[in-house]
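Working notes, structure below.
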Amino acid sequence: MDLNTITAVARPKARSELPAWTAGDAWLAGGTWLFSEPQAHLHRLIDLATLGWPALTIDANGLSIAATCSVAELDAIACPPDWPAAPLISQCCRAFLASFKIWKTATVGGNLCMSLPAGPMISLTAALDGVCTIWQADGGERTIAVSDFVTGNQANVLKSGELLRQIDIPLAALKRRSAFRQISLTPVGRSAALLIGSIASDGAFALTVTASTKRPVKLAFKKLPDAASLRNAILQAIPDGLYHDDIHGKPFWRKHMTLRLACEIRDELT
């Protein structure tokens, strides 16, 4: 869709060239949502592609994902063989309700900033203890866990003029064994529940609940809990009002599937 209210497009090549944020501005990364519907309130786009951020960086600390990294680039990553959690990357990429054409354009950062409950890049990075680096409008920066970045349905912690720069995944998270479960009302529908469990070498167990809830919910255990303890922990951590409600699934069903998929994850990791 053409955005016929846009009068200027800024193409900065460095952070120092980012223009002062004003009302009517929007960051442009993949643009798959931005160009999908009218944006009559916008007058200027700030194109992030010209900043030239490396899409993916693997080093001794783990994995760094630029906010402008496309889903296709992430899916194509060649992970080290000693990352047991690596299959989660392709599993979450395939949880998108999107065509291969969207894959080549949609960005990881855009998925986080859109902050939809079913955003699979939120599921992936939250489950792997991802940390967001945010560029502030005053020239500073701050960091926050992905699980805290998203605060609700299409809501997050970004303030006016702030920009998500990257998401860093620690090496320890990538070395955990993992299990993935996702369900939709239709074979290629939007995720109604997407759960990821992981277990560390010391036996610590973590469960991340997304899609069924309005924001990510993380539960941590010192060891793998029994089925009853896991169920009770979920019931205590997720009040009924936190389950998402839309045409892709009613809250009572999402709650039921969350409990069921969590039990399957626990059994698989056992």
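Labels used: A, B, ... for chains in the order of the structure tokens, numbers from 1 for residues in each chain, and numbers from 1 for ligands as shown.
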
Using the chain letters and numbers from this document, which residues of stretch 5-222 of chain A does DSSP assign to helix (DSSP H, G or I), as JSON, numbers by chain? {"A": [15, 16, 17, 34, 35, 36, 49, 50, 51, 71, 72, 73, 74, 75, 87, 88, 89, 90, 91, 92, 93, 100, 101, 102, 103, 108, 109, 110, 111, 112, 113, 114, 120, 121, 122, 123, 124, 125, 126, 127, 146, 147, 148, 149, 171, 172, 173, 174]}

Using only C-alpha atoms, find the one residue out of A:Glu162, A:Met114, A:Lys104, A:Phe149 that sits nearest to A:Asp25. A:Glu162

Sel. of strand (DSSP E) residues, stretch 106-240 of chain A, as a PyMOL selection string: chain A and resi 131-135+141-145+150-152+155-156+163-170+177-183+193-199+205-210+217-221

Using only C-alpha atoms, pick whichever of A:Asn232, A:Thr143, A:Gly52, A:Ser212 has the shortest atom-to-atom distance to A:Gln182.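 Checking each candidate against A:Gln182, we get A:Ser212 as the closest.
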
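Each of A:Pro225, A:Pro38, A:Pro80, A:Pro120 was compared to A:Phe96 using only C-alpha atoms, and A:Pro120 turns out to be the nearest.
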
Non-local contacts of A:Ala67 (8 Å; only C-alpha atoms; under 5 positions in same chain excluded) as a ChimeraX atom specification: /A:55,107-110,164-167

Contacts of A:Phe205 at 12 Å or less, counting only C-alpha atoms, minus same-chain residues fewer than 5 places along, as a VMD selection string? chain A and resid 127 173 176 to 179 196 to 200 218 to 226 230 262 265 to 266 269 to 270

Measuring atom to atom with only C-alpha atoms, identify which of A:Pro170, A:Pro12, A:His43, A:Thr125 is nearest to A:Gly62.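 Closest to A:Gly62, using only C-alpha atoms: A:Pro170.
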
Best match for closeness to A:Pro216 among A:Ala193, A:Leu3, A:Ala228, A:Ala14, counting only C-alpha atoms: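 Looking at the shortest contact to A:Pro216, the residue is A:Ala193.
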
Between atom CA of A:Gln136 and atom CA of A:Cys93, what distance in Å does the model show, to one decimal? 28.6 Å

Separation of atom CA of A:Val146 from atom CA of A:Lys159 in Å: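 Atom CA of A:Lys159 sits 15.5 Å away from atom CA of A:Val146.
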
Expressed in Å to a single decimal, how great is the separation between atom CA of A:Ile169 and atom CA of A:Ser16? 26.5 Å
